[in-house]
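S.K.: Dropping in structure38.cif, which is mmCIF, C-alpha atoms and all ligand atoms:
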data_entry
#
loop_
_atom_site.label_atom_id
_atom_site.label_comp_id
_atom_site.auth_asym_id
_atom_site.auth_seq_id
_atom_site.Cartn_x
_atom_site.Cartn_y
_atom_site.Cartn_z
CA MET A 11 -20.99 5.67 -8.40
CA ALA A 12 -18.55 4.93 -11.14
CA ALA A 13 -16.25 2.42 -12.66
CA VAL A 14 -12.94 3.83 -13.89
CA THR A 15 -10.98 2.52 -16.87
CA ILE A 16 -7.41 3.57 -17.56
CA ARG A 17 -5.73 2.51 -20.80
CA GLY A 18 -2.13 3.12 -21.83
CA LEU A 19 -1.74 6.09 -19.48
CA THR A 20 1.59 7.80 -20.13
CA LYS A 21 2.90 10.97 -18.55
CA ARG A 22 6.27 12.62 -19.09
CA TYR A 23 7.94 15.62 -17.53
CA GLY A 24 10.60 16.61 -20.07
CA ASP A 25 12.66 13.46 -20.70
CA ASN A 26 11.40 11.81 -17.55
CA THR A 27 8.62 9.28 -18.21
CA VAL A 28 6.91 8.98 -14.83
CA VAL A 29 3.92 6.84 -15.84
CA GLU A 30 4.26 4.46 -18.74
CA GLY A 31 1.47 2.59 -20.53
CA LEU A 32 -0.55 2.01 -17.36
CA ASP A 33 -3.72 -0.10 -17.72
CA LEU A 34 -6.15 -0.36 -14.83
CA ASP A 35 -9.82 -1.20 -14.29
CA ILE A 36 -11.50 -0.04 -11.11
CA ALA A 37 -14.91 -1.55 -10.46
CA ASP A 38 -17.95 0.41 -9.40
CA GLY A 39 -17.86 0.73 -5.61
CA GLU A 40 -14.34 -0.66 -5.32
CA PHE A 41 -11.68 0.72 -2.94
CA LEU A 42 -8.43 0.49 -4.89
CA THR A 43 -5.03 1.53 -3.55
CA LEU A 44 -1.95 2.58 -5.49
CA LEU A 45 0.98 1.48 -3.33
CA GLY A 46 4.62 2.16 -4.08
CA PRO A 47 7.76 4.02 -3.07
CA SER A 48 8.26 7.76 -3.35
CA GLY A 49 8.46 8.95 -6.94
CA CYS A 50 6.87 5.87 -8.54
CA GLY A 51 4.07 7.92 -10.13
CA LYS A 52 1.14 7.41 -7.72
CA THR A 53 0.19 11.08 -7.39
CA THR A 54 0.69 11.67 -11.11
CA THR A 55 -1.70 8.81 -11.93
CA LEU A 56 -4.29 10.13 -9.47
CA ARG A 57 -3.98 13.68 -10.80
CA CYS A 58 -4.53 12.41 -14.35
CA VAL A 59 -7.77 10.74 -13.18
CA ALA A 60 -8.80 13.95 -11.39
CA GLY A 61 -8.05 16.09 -14.45
CA LEU A 62 -5.33 18.09 -12.68
CA GLU A 63 -2.73 16.75 -15.16
CA LYS A 64 -3.00 16.09 -18.87
CA PRO A 65 -1.45 12.78 -19.86
CA ASP A 66 0.85 12.54 -22.90
CA ALA A 67 -0.96 9.43 -24.09
CA GLY A 68 -3.71 7.08 -23.05
CA GLU A 69 -7.37 7.17 -22.23
CA ILE A 70 -9.38 7.44 -19.00
CA SER A 71 -13.11 6.80 -18.66
CA ILE A 72 -15.23 7.46 -15.58
CA ASP A 73 -18.61 5.79 -15.44
CA GLY A 74 -18.41 4.92 -19.14
CA ARG A 75 -17.65 8.53 -20.16
CA VAL A 76 -14.28 9.25 -21.76
CA VAL A 77 -12.74 12.11 -19.75
CA VAL A 78 -9.38 12.18 -21.50
CA SER A 79 -8.30 10.76 -24.84
CA GLY A 80 -6.49 12.50 -27.67
CA ARG A 81 -8.09 15.95 -27.85
CA THR A 82 -10.89 15.14 -25.44
CA PHE A 83 -10.29 16.66 -22.02
CA VAL A 84 -13.03 17.00 -19.43
CA PRO A 85 -11.98 19.59 -16.80
CA PRO A 86 -11.70 18.50 -13.14
CA GLU A 87 -14.92 20.20 -11.99
CA LYS A 88 -16.90 18.20 -14.57
CA ARG A 89 -15.51 14.79 -13.54
CA ASP A 90 -17.70 14.38 -10.45
CA ALA A 91 -14.74 13.40 -8.26
CA GLY A 92 -13.97 14.48 -4.69
CA MET A 93 -10.31 14.79 -3.70
CA VAL A 94 -8.58 14.56 -0.33
CA PHE A 95 -4.94 15.63 -0.22
CA GLN A 96 -2.12 15.13 2.24
CA SER A 97 -1.97 18.88 2.81
CA TYR A 98 -5.59 19.46 3.72
CA ALA A 99 -5.90 22.43 1.33
CA LEU A 100 -8.46 24.16 3.55
CA TRP A 101 -9.03 27.86 4.20
CA PRO A 102 -7.83 28.30 7.78
CA HIS A 103 -9.70 31.54 8.48
CA MET A 104 -13.05 30.21 7.31
CA THR A 105 -15.32 28.11 9.47
CA VAL A 106 -15.64 24.37 9.13
CA ARG A 107 -19.11 24.89 7.66
CA SER A 108 -17.90 27.32 4.96
CA ASN A 109 -14.99 25.10 3.98
CA VAL A 110 -17.29 22.13 3.52
CA ALA A 111 -19.94 24.21 1.72
CA TYR A 112 -17.47 25.48 -0.86
CA PRO A 113 -17.90 22.80 -3.57
CA LEU A 114 -21.69 23.23 -3.45
CA LYS A 115 -21.44 27.03 -3.59
CA MET A 116 -19.26 26.67 -6.68
CA ARG A 117 -22.03 24.58 -8.19
CA ARG A 118 -24.54 27.28 -7.21
CA ARG A 119 -26.78 24.91 -5.30
CA PRO A 120 -29.75 26.39 -3.40
CA ARG A 121 -28.96 27.57 0.13
CA ALA A 122 -31.30 25.12 1.90
CA GLU A 123 -29.74 22.20 0.05
CA ILE A 124 -26.24 23.40 0.98
CA THR A 125 -27.15 23.70 4.66
CA SER A 126 -28.51 20.19 4.90
CA ALA A 127 -25.78 18.60 2.74
CA VAL A 128 -23.05 20.24 4.83
CA LEU A 129 -24.61 19.03 8.05
CA GLU A 130 -24.94 15.52 6.67
CA ALA A 131 -21.28 15.46 5.52
CA LEU A 132 -20.12 16.78 8.90
CA GLU A 133 -22.17 14.11 10.69
CA MET A 134 -20.50 11.47 8.52
CA VAL A 135 -17.08 12.49 9.76
CA GLY A 136 -18.24 13.22 13.33
CA LEU A 137 -17.64 16.98 13.23
CA ASP A 138 -21.15 18.42 13.28
CA HIS A 139 -20.54 19.87 16.76
CA LEU A 140 -17.64 21.99 15.42
CA ALA A 141 -19.39 23.43 12.37
CA ASP A 142 -18.91 27.05 13.41
CA ARG A 143 -15.32 26.84 14.56
CA SER A 144 -12.61 28.29 12.33
CA VAL A 145 -10.49 25.61 10.69
CA GLY A 146 -7.27 27.17 12.00
CA ALA A 147 -8.42 26.26 15.52
CA LEU A 148 -8.69 22.53 14.84
CA SER A 149 -6.22 19.69 15.36
CA GLY A 150 -4.59 17.99 12.38
CA GLY A 151 -6.95 15.03 12.61
CA GLN A 152 -9.99 17.28 12.77
CA GLN A 153 -8.75 19.27 9.77
CA GLN A 154 -8.34 16.08 7.80
CA ARG A 155 -11.94 15.21 8.65
CA VAL A 156 -13.06 18.61 7.32
CA ALA A 157 -11.19 17.85 4.10
CA LEU A 158 -12.95 14.50 3.93
CA ALA A 159 -16.37 16.10 4.53
CA ARG A 160 -15.64 18.62 1.78
CA ALA A 161 -14.81 15.77 -0.61
CA LEU A 162 -18.03 13.96 0.32
CA VAL A 163 -20.46 16.88 0.39
CA ALA A 164 -21.34 16.91 -3.29
CA ARG A 165 -21.90 13.14 -3.18
CA PRO A 166 -19.30 12.52 -5.90
CA SER A 167 -19.32 9.26 -7.79
CA LEU A 168 -15.56 8.93 -7.30
CA LEU A 169 -13.29 9.71 -4.34
CA LEU A 170 -9.57 10.30 -4.87
CA PHE A 171 -7.24 10.24 -1.85
CA ASP A 172 -3.57 11.24 -1.95
CA GLU A 173 -1.80 10.14 1.26
CA PRO A 174 -4.58 11.70 3.36
CA LEU A 175 -3.30 10.33 6.67
CA SER A 176 0.43 10.84 6.38
CA ASN A 177 0.49 14.12 8.33
CA LEU A 178 -1.19 12.58 11.37
CA ASP A 179 0.52 10.95 14.34
CA ALA A 180 0.54 7.14 14.53
CA LYS A 181 -2.43 6.81 16.87
CA LEU A 182 -4.66 9.19 14.97
CA ARG A 183 -3.65 7.58 11.70
CA ALA A 184 -4.81 4.22 13.01
CA SER A 185 -8.19 5.55 14.14
CA MET A 186 -8.76 7.53 10.90
CA ARG A 187 -7.89 4.37 8.97
CA THR A 188 -10.65 2.51 10.77
CA GLU A 189 -13.08 5.37 10.17
CA LEU A 190 -12.26 5.61 6.47
CA HIS A 191 -12.84 1.90 6.15
CA ALA A 192 -16.19 2.12 7.96
CA MET A 193 -17.17 5.10 5.83
CA HIS A 194 -16.44 3.24 2.63
CA GLU A 195 -18.50 0.28 3.84
CA ARG A 196 -21.37 2.68 4.54
CA VAL A 197 -21.24 5.00 1.52
CA GLY A 198 -19.66 2.63 -1.02
CA THR A 199 -18.24 5.36 -3.30
CA THR A 200 -15.64 4.12 -5.78
CA SER A 201 -12.30 5.18 -4.27
CA ILE A 202 -8.73 5.43 -5.50
CA TYR A 203 -6.31 5.81 -2.61
CA VAL A 204 -2.61 6.62 -2.90
CA THR A 205 -0.17 5.65 -0.17
CA HIS A 206 3.29 4.25 0.48
CA ASP A 207 2.10 2.74 3.77
CA GLN A 208 1.50 -0.99 3.45
CA ILE A 209 -0.69 -1.16 6.58
CA GLU A 210 -3.05 1.46 5.14
CA ALA A 211 -3.14 -0.40 1.85
CA LEU A 212 -3.81 -3.76 3.52
CA THR A 213 -6.53 -2.55 5.88
CA LEU A 214 -8.48 -0.30 3.51
CA SER A 215 -8.38 -1.88 0.08
CA ASP A 216 -10.44 -4.29 -1.93
CA ARG A 217 -7.44 -4.48 -4.27
CA ILE A 218 -3.92 -3.11 -4.17
CA VAL A 219 -1.82 -2.05 -7.15
CA VAL A 220 1.92 -2.17 -6.41
CA MET A 221 3.84 0.28 -8.60
CA GLN A 222 7.48 1.06 -9.32
CA HIS A 223 8.91 3.50 -11.89
CA GLY A 224 5.47 4.34 -13.27
CA ALA A 225 4.54 0.73 -14.02
CA ILE A 226 2.52 -1.96 -12.28
CA HIS A 227 4.28 -4.94 -10.66
CA GLN A 228 1.24 -6.67 -9.19
CA ILE A 229 -2.50 -6.21 -8.72
CA GLY A 230 -4.25 -8.30 -6.09
CA THR A 231 -6.34 -8.46 -2.95
CA PRO A 232 -4.52 -7.54 0.26
CA GLU A 233 -4.22 -11.25 1.08
CA GLU A 234 -2.68 -12.06 -2.32
CA ILE A 235 -0.20 -9.21 -2.16
CA TYR A 236 0.80 -10.00 1.43
CA ALA A 237 1.08 -13.78 1.12
CA ASP A 238 2.01 -14.24 -2.51
CA PRO A 239 4.08 -11.36 -3.87
CA VAL A 240 5.10 -11.94 -7.50
CA ASP A 241 8.62 -10.67 -7.27
CA ARG A 242 11.35 -9.46 -4.99
CA PHE A 243 10.32 -5.81 -5.27
CA VAL A 244 6.74 -6.48 -4.12
CA ALA A 245 7.93 -8.88 -1.41
CA ASP A 246 10.36 -6.27 -0.12
CA PHE A 247 7.64 -3.62 -0.16
CA VAL A 248 5.19 -5.73 1.86
CA GLY A 249 7.66 -6.54 4.58
CA PHE A 250 9.68 -9.60 3.56
CA GLU A 251 13.11 -8.79 4.94
CA ASN A 252 15.14 -11.87 4.10
CA PHE A 253 16.17 -12.76 0.57
CA LEU A 254 18.37 -15.68 -0.46
CA THR A 255 19.38 -16.51 -4.00
CA GLY A 256 19.69 -20.13 -5.02
CA ILE A 257 19.19 -22.77 -7.68
CA VAL A 258 16.14 -25.03 -7.97
CA VAL A 259 17.12 -28.69 -7.63
CA ASP A 260 13.67 -30.30 -7.53
CA VAL A 261 10.04 -29.22 -7.95
CA ASP A 262 6.55 -30.55 -7.45
CA THR A 263 3.17 -28.79 -7.61
CA TRP A 264 3.39 -26.81 -4.40
CA THR A 265 7.03 -26.86 -3.37
CA SER A 266 10.49 -26.34 -4.76
CA VAL A 267 13.72 -27.60 -3.32
CA VAL A 268 16.34 -24.88 -3.59
CA LYS A 269 20.07 -25.09 -2.98
CA VAL A 270 21.49 -21.94 -1.45
CA ASP A 271 25.26 -21.53 -1.22
CA GLY A 272 26.50 -21.79 2.35
CA PHE A 273 23.46 -23.70 3.68
CA PRO A 274 24.20 -27.28 4.78
CA THR A 275 21.01 -28.66 3.24
CA ALA A 276 18.79 -27.61 0.37
CA LEU A 277 15.72 -25.61 1.44
CA LEU A 278 12.11 -26.56 0.96
CA ALA A 279 10.16 -23.55 -0.31
CA ARG A 280 6.56 -22.85 -1.25
CA SER A 281 6.12 -22.25 -4.96
CA SER A 282 4.04 -19.20 -5.75
CA LYS A 283 0.82 -19.82 -7.63
CA HIS A 284 1.89 -17.15 -10.11
CA ARG A 285 4.74 -19.07 -11.71
CA THR A 286 6.38 -22.37 -12.19
CA PHE A 287 10.08 -23.01 -11.90
CA ASP A 288 12.24 -25.76 -13.32
CA PRO A 289 15.28 -27.50 -11.93
CA GLY A 290 18.35 -25.42 -12.74
CA ASP A 291 16.48 -22.07 -12.53
CA ASP A 292 18.08 -19.26 -10.54
CA VAL A 293 15.51 -18.07 -8.01
CA THR A 294 15.12 -15.80 -5.01
CA LEU A 295 13.68 -17.04 -1.74
CA ALA A 296 11.79 -14.53 0.38
CA LEU A 297 11.13 -14.94 4.07
CA ARG A 298 9.63 -12.70 6.76
CA ALA A 299 11.71 -12.04 9.87
CA ASN A 300 8.97 -13.41 12.14
CA ASN A 301 9.17 -16.72 10.28
CA VAL A 302 12.82 -17.14 11.24
CA THR A 303 13.09 -18.70 14.69
CA LEU A 304 16.24 -19.31 16.71
CA THR A 305 16.82 -22.19 19.10
CA ASP A 306 19.79 -23.18 21.22
CA PHE A 307 22.56 -24.73 19.20
CA ASN A 308 22.94 -28.43 19.73
CA ALA A 309 25.61 -30.06 17.58
CA ALA A 310 23.87 -33.45 17.66
CA SER A 311 20.55 -32.16 16.33
CA ALA A 312 21.92 -29.68 13.81
CA ALA A 313 20.99 -30.56 10.26
CA THR A 314 23.56 -32.84 8.74
CA SER A 315 21.57 -34.69 6.11
CA THR A 316 21.75 -33.75 2.46
CA SER A 317 17.98 -33.89 1.96
CA ALA A 318 15.81 -30.77 1.94
CA GLY A 319 15.24 -29.26 5.34
CA THR A 320 14.56 -25.95 7.02
CA ASP A 321 15.37 -26.98 10.60
CA GLY A 322 18.34 -26.53 12.84
CA ILE A 323 20.68 -24.68 10.51
CA PRO A 324 23.81 -23.65 12.47
CA ALA A 325 24.27 -19.88 12.66
CA THR A 326 26.07 -17.15 14.61
CA VAL A 327 24.32 -14.20 16.21
CA THR A 328 25.78 -10.96 14.80
CA GLY A 329 23.27 -8.42 16.14
CA VAL A 330 20.57 -8.04 18.79
CA ALA A 331 18.00 -5.22 19.01
CA TYR A 332 15.40 -4.99 21.77
CA LEU A 333 12.08 -3.72 20.36
CA GLY A 334 9.89 -4.02 23.45
CA ASP A 335 7.54 -6.93 22.91
CA GLN A 336 9.91 -8.42 20.36
CA VAL A 337 13.63 -8.93 19.89
CA GLU A 338 15.28 -8.65 16.50
CA TYR A 339 18.34 -10.80 15.87
CA GLN A 340 20.76 -10.79 13.00
CA VAL A 341 22.37 -14.14 12.36
CA LYS A 342 24.96 -15.33 9.89
CA VAL A 343 24.61 -18.58 7.97
CA GLY A 344 27.70 -18.91 5.81
CA ALA A 345 27.95 -15.63 3.92
CA HIS A 346 24.22 -14.86 4.37
CA THR A 347 22.75 -12.57 7.00
CA LEU A 348 19.21 -13.37 8.14
CA LYS A 349 16.90 -11.26 10.27
CA SER A 350 14.77 -12.94 12.93
CA ARG A 351 12.07 -11.39 15.13
CA MET A 352 10.87 -13.28 18.19
CA SER A 353 8.95 -12.46 21.35
CA SER A 354 11.09 -11.01 24.11
CA PRO A 355 12.93 -11.48 26.45
CA VAL A 356 16.38 -11.43 24.92
CA ARG A 357 17.85 -14.95 24.96
CA TRP A 358 21.04 -14.73 22.93
CA ALA A 359 23.89 -12.26 22.59
CA GLU A 360 26.24 -11.31 19.79
CA GLY A 361 28.70 -14.11 19.08
CA ASP A 362 26.41 -16.93 20.34
CA GLN A 363 26.03 -20.09 18.29
CA VAL A 364 22.35 -20.82 17.56
CA ALA A 365 20.26 -23.05 15.32
CA VAL A 366 17.96 -21.31 12.83
CA VAL A 367 14.56 -22.76 12.01
CA LEU A 368 12.89 -21.43 8.87
CA GLN A 369 9.16 -21.86 9.41
CA GLN A 370 7.61 -24.43 7.09
CA ASP A 371 5.52 -22.94 4.31
CA SER A 372 6.80 -19.42 4.90
CA LEU A 373 9.77 -19.62 2.56
CA LEU A 374 8.48 -18.34 -0.77
CA VAL A 375 10.06 -18.63 -4.20
CA VAL A 376 9.81 -15.29 -6.00
CA LYS A 377 11.01 -13.87 -9.28
CA GLU A 378 14.03 -11.57 -9.13
CA SER A 379 12.52 -8.14 -9.97
N1 LIG B 401 5.30 18.97 -12.05
C1 LIG B 401 6.35 18.13 -12.17
N2 LIG B 401 7.41 18.46 -12.92
C2 LIG B 401 8.46 17.64 -13.09
N3 LIG B 401 8.55 16.41 -12.53
C3 LIG B 401 7.52 16.01 -11.76
C4 LIG B 401 6.37 16.85 -11.55
N4 LIG B 401 5.52 16.16 -10.74
C5 LIG B 401 6.11 14.98 -10.46
N5 LIG B 401 7.31 14.88 -11.08
C6 LIG B 401 8.22 13.72 -11.03
O1 LIG B 401 7.48 12.58 -11.41
C7 LIG B 401 7.84 11.46 -10.65
C8 LIG B 401 6.61 10.84 -10.02
O2 LIG B 401 6.06 11.77 -9.10
P1 LIG B 401 4.78 11.46 -8.24
O3 LIG B 401 4.47 12.69 -7.49
O4 LIG B 401 3.71 10.90 -9.12
O5 LIG B 401 5.32 10.31 -7.27
P2 LIG B 401 4.63 9.61 -6.02
O6 LIG B 401 4.59 8.15 -6.31
O7 LIG B 401 3.33 10.28 -5.72
O8 LIG B 401 5.69 9.87 -4.86
P3 LIG B 401 5.50 10.30 -3.31
O9 LIG B 401 5.21 9.02 -2.57
O10 LIG B 401 6.83 10.88 -2.95
O11 LIG B 401 4.38 11.29 -3.23
C9 LIG B 401 8.88 11.94 -9.65
O12 LIG B 401 10.15 11.59 -10.15
C10 LIG B 401 8.68 13.42 -9.62
O13 LIG B 401 9.87 14.09 -9.33
MG MG B 402 2.68 11.47 -4.15
#
What does the file become when written as structure tokens?
M.R.:
Amino acid sequence: MAAVTIRGLTKRYGDNTVVEGLDLDIADGEFLTLLGPSGCGKTTTLRCVAGLEKPDAGEISIDGRVVVSGRTFVPPEKRDAGMVFQSYALWPHMTVRSNVAYPLKMRRRPRAEITSAVLEALEMVGLDHLADRSVGALSGGQQQRVALARALVARPSLLLFDEPLSNLDAKLRASMRTELHAMHERVGTTSIYVTHDQIEALTLSDRIVVMQHGAIHQIGTPEEIYADPVDRFVADFVGFENFLTGIVVDVDTWTSVVKVDGFPTALLARSSKHRTFDPGDDVTLALRANNVTLTDFNAASAATSTSAGTDGIPATVTGVAYLGDQVEYQVKVGAHTLKSRMSSPVRWAEGDQVAVVLQQDSLLVVKES
């Protein structure tokens, strides 16, 4: 097993700097995910760790050994890392067994050792019964398991995954996710996992690194990233769909009172533990669609006070989408459009007057990215 240290990692393609001064420490046995939108530099970072790319600057150590720094460059085959790619990169005409045996053959291991190691790796991924089938005659999910077995067979101290599940259908992706998680619990190999799928990141990781434009926005446990995103970019990436800009009018330790143009009362929002805000600060409020609830509009109970409140804000329904077990509404409050998701059945139609309730504690003050 291995801890990985990345310092000042920088990679350019021509004028395009795709990773810039990235610092990261991955603990021995940790499952760490790089999460971010397409083009943010996830694969490039992973390939630098694997030795498939040479960085322009920076240093990487694996298990205390410097593998790249200045003129030092340890080639990929000497880094003791197993890789699993999105495209399985298997030989379709060879059998499952031969595909999995390949890394050990390259290392010229004795035949008996190869036979038992291959069987063990295939048992780990539940494919021992298909050892003699040709890879071309397997389903996508089975092929991805072969790729996983091949990455595991040499018992590497580091596993590198680049979107390994993205070619699978939704159901298979979910079951492979569970299996990968169970495998990591069992084997405990230090793993760096690249994805743009927040569910994968949340379910698999000990820690998540959220990246944009080759730089890190936030590093945290899945719970921290999900509940307490540092800024609008991270919030947006982990599923907050409503953003309101406003001005802080009052603060205490845990809450801020924020005035948003067009809302009849100021809003009570949870302050993030990452930052403090002062009265007068421009801030962004982030809110998940399932924390926005609609109720029937009742003029008498609609918020009229000038104190802070998140209840009964008058709104107009501007869109309704039936999603099966849930209904998604778009409502207008002043010039703002909010998205709400509630259990079905459909209760309101476009043009209806409703009252919006913003769930206590779910309105979060975040930094504008
Ligand atoms: N060999 C290359 N030559 C030139 N530009 C490259 C090369 N490889 C990657 N890039 C560019 O570097 C940037 C980062 O690419 P990278 O593959 O690391 O992104 P990513 O986060 O893995 O994205 P995705 O989620 O789409 O896989 C992109 O703008 C990409 O076009
Ligand atoms: Mg990529």
S.K.: Just to confirm, what's the straight-line distance from atom C8 of ligand LIG 401 (chain B) to atom CA of Phe171 of chain A in Å (one decimal)?
M.R.: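 Separation between atom C8 of ligand LIG 401 (chain B) and atom CA of Phe171 of chain A: 16.1 Å.
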S.K.: What would the list of residues within 9 Å of (-18.3, 24.6, 6.5) (file frame) look like as a compact mmCIF listing (two decimals) with C-alpha atoms, keeping the file's coordinate frame, if all atoms listed in the file are what count?
M.R.:
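The file below, result.txt, is the result:
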# COMPACT_ATOMS: atom_id res chain seq x y z
CA MET A 104 -13.05 30.21 7.31
CA THR A 105 -15.32 28.11 9.47
CA VAL A 106 -15.64 24.37 9.13
CA ARG A 107 -19.11 24.89 7.66
CA SER A 108 -17.90 27.32 4.96
CA ASN A 109 -14.99 25.10 3.98
CA VAL A 110 -17.29 22.13 3.52
CA ALA A 111 -19.94 24.21 1.72
CA TYR A 112 -17.47 25.48 -0.86
CA VAL A 128 -23.05 20.24 4.83
CA LEU A 129 -24.61 19.03 8.05
CA LEU A 132 -20.12 16.78 8.90
CA ALA A 141 -19.39 23.43 12.37
CA ASP A 142 -18.91 27.05 13.41
CA ARG A 143 -15.32 26.84 14.56
CA SER A 144 -12.61 28.29 12.33
CA VAL A 145 -10.49 25.61 10.69
CA VAL A 156 -13.06 18.61 7.32
CA ALA A 159 -16.37 16.10 4.53
CA ARG A 160 -15.64 18.62 1.78
S.K.: Figure out the distance between atom CA of Glu30 of chain A and atom CA of Leu56 of chain A, please, to one decimal in Å.
M.R.: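 One can read the atom CA of Leu56 of chain A to atom CA of Glu30 of chain A distance as 13.8 Å.
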S.K.: One decimal, in Å: what's the spacing between atom CA of Leu45 of chain A and atom CA of Gly31 of chain A?
M.R.: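 These atoms are spaced 17.2 Å apart.
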S.K.: Enumerate as a CSV table (one decimal) with C-alpha atoms, in the coordinates of the input the residues within 7 Å of ligand LIG 401 (chain B), counting all atoms listed in the file.
M.R.:
chain,number,residue,atom,x,y,z
A,23,TYR,CA,7.9,15.6,-17.5
A,28,VAL,CA,6.9,9.0,-14.8
A,46,GLY,CA,4.6,2.2,-4.1
A,47,PRO,CA,7.8,4.0,-3.1
A,48,SER,CA,8.3,7.8,-3.4
A,49,GLY,CA,8.5,9.0,-6.9
A,50,CYS,CA,6.9,5.9,-8.5
A,51,GLY,CA,4.1,7.9,-10.1
A,52,LYS,CA,1.1,7.4,-7.7
A,53,THR,CA,0.2,11.1,-7.4
A,54,THR,CA,0.7,11.7,-11.1
A,55,THR,CA,-1.7,8.8,-11.9
A,205,THR,CA,-0.2,5.6,-0.2
A,206,HIS,CA,3.3,4.2,0.5
S.K.: Between A:Ala91, A:Leu137, A:Ala365, A:Val293, which one has atoms that come closest to Leu168 of chain A, using only C-alpha atoms?
M.R.: A:Ala91
S.K.: Counting all atoms listed in the file, which residues sit no farther than 9 Å from the position (-13.3, 17.3, 2.6) in the file's frame? I'd like them as a PyMOL selection string.
M.R.: chain A and resi 92-95+98+100+109-110+131+153-163
S.K.: Please determine, counting all atoms listed in the file, which residue among A:Gly249, A:Gly329, A:Pro86, A:Gly136 has the shortest atom-to-atom distance to Gly361 of chain A.
M.R.: A:Gly329
S.K.: Could you check which of A:Val197, A:Leu277, A:Val330, A:Leu295 is closest to Val367 of chain A, using all atoms listed in the file?
M.R.: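 Going through A:Val197, A:Leu277, A:Val330, A:Leu295 one by one, the smallest distance to Val367 of chain A is for A:Leu277.
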S.K.: Pick the closest to Thr199 of chain A from A:Ile72, A:Leu373, A:Val84, A:Leu169: which is it, counting only C-alpha atoms?
M.R.: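 Of A:Ile72, A:Leu373, A:Val84, A:Leu169, the one nearest Thr199 of chain A, counting only C-alpha atoms, is A:Leu169.
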S.K.: Give me, as a ChimeraX atom specification, all polymer residues having an atom no more than 7 Å from segment 210-217 of chain A, counting all atoms listed in the file and skipping those fewer than 3 positions away in the same chain.
M.R.: /A:40-43,45,187,191,207,229-232
S.K.: Taking 6 positions as the minimum chain separation for residues in the same chain, which residues sit within 12 Å of Arg357 of chain A when counting only C-alpha atoms? Answer as number ranges by chain.
M.R.: A: 303-306, 327, 330-332, 336-339, 351, 363-364
S.K.: Those residues you just picked out, can you put them in a file as a PDB file, in the coordinates of the input with C-alpha atoms?
M.R.:
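The resulting file, selection.pdb, is shown below:
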ATOM      1  CA  THR A 303      13.090 -18.700  14.690  1.00  0.00           C
ATOM      2  CA  LEU A 304      16.240 -19.310  16.710  1.00  0.00           C
ATOM      3  CA  THR A 305      16.820 -22.190  19.100  1.00  0.00           C
ATOM      4  CA  ASP A 306      19.790 -23.180  21.220  1.00  0.00           C
ATOM      5  CA  VAL A 327      24.320 -14.200  16.210  1.00  0.00           C
ATOM      6  CA  VAL A 330      20.570  -8.040  18.790  1.00  0.00           C
ATOM      7  CA  ALA A 331      18.000  -5.220  19.010  1.00  0.00           C
ATOM      8  CA  TYR A 332      15.400  -4.990  21.770  1.00  0.00           C
ATOM      9  CA  GLN A 336       9.910  -8.420  20.360  1.00  0.00           C
ATOM     10  CA  VAL A 337      13.630  -8.930  19.890  1.00  0.00           C
ATOM     11  CA  GLU A 338      15.280  -8.650  16.500  1.00  0.00           C
ATOM     12  CA  TYR A 339      18.340 -10.800  15.870  1.00  0.00           C
ATOM     13  CA  ARG A 351      12.070 -11.390  15.130  1.00  0.00           C
ATOM     14  CA  GLN A 363      26.030 -20.090  18.290  1.00  0.00           C
ATOM     15  CA  VAL A 364      22.350 -20.820  17.560  1.00  0.00           C
TER      16      VAL A 364
END
S.K.: Excluding Ser185 of chain A and any residue of its chain fewer than 2 positions from it, enumerate the residues within 12 Å of it, using all atoms listed in the file, and give them as a list in words.
M.R.: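 So the residues in contact are Gly151, Gln152, Arg155, Leu175, Leu178, Asp179, Ala180, Lys181, Leu182, Arg183, Arg187, Thr188, Glu189, Leu190, His191, Ala192, Glu210 and Thr213 of chain A.
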S.K.: I need the residue nearest Asp241 of chain A from this list: A:Lys349, A:Val356, A:Asp271, A:Ile226. Use only C-alpha atoms for the distance.
M.R.: A:Ile226
S.K.: Excluding Val261 of chain A and residues on its chain fewer than 5 positions from it, collect all residues at most 9 Å away from it, counting all atoms listed in the file, and give them as a ChimeraX atom specification.
M.R.: /A:266-268,281,286-289
S.K.: Choose the residue, out of A:His103, A:Lys342, A:Arg57, A:Lys377, that has the smallest atom-to-atom separation from ligand MG 402 (chain B); count all atoms listed in the file.
M.R.: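 Going through A:His103, A:Lys342, A:Arg57, A:Lys377 one by one, the smallest distance to ligand MG 402 (chain B) is for A:Arg57.
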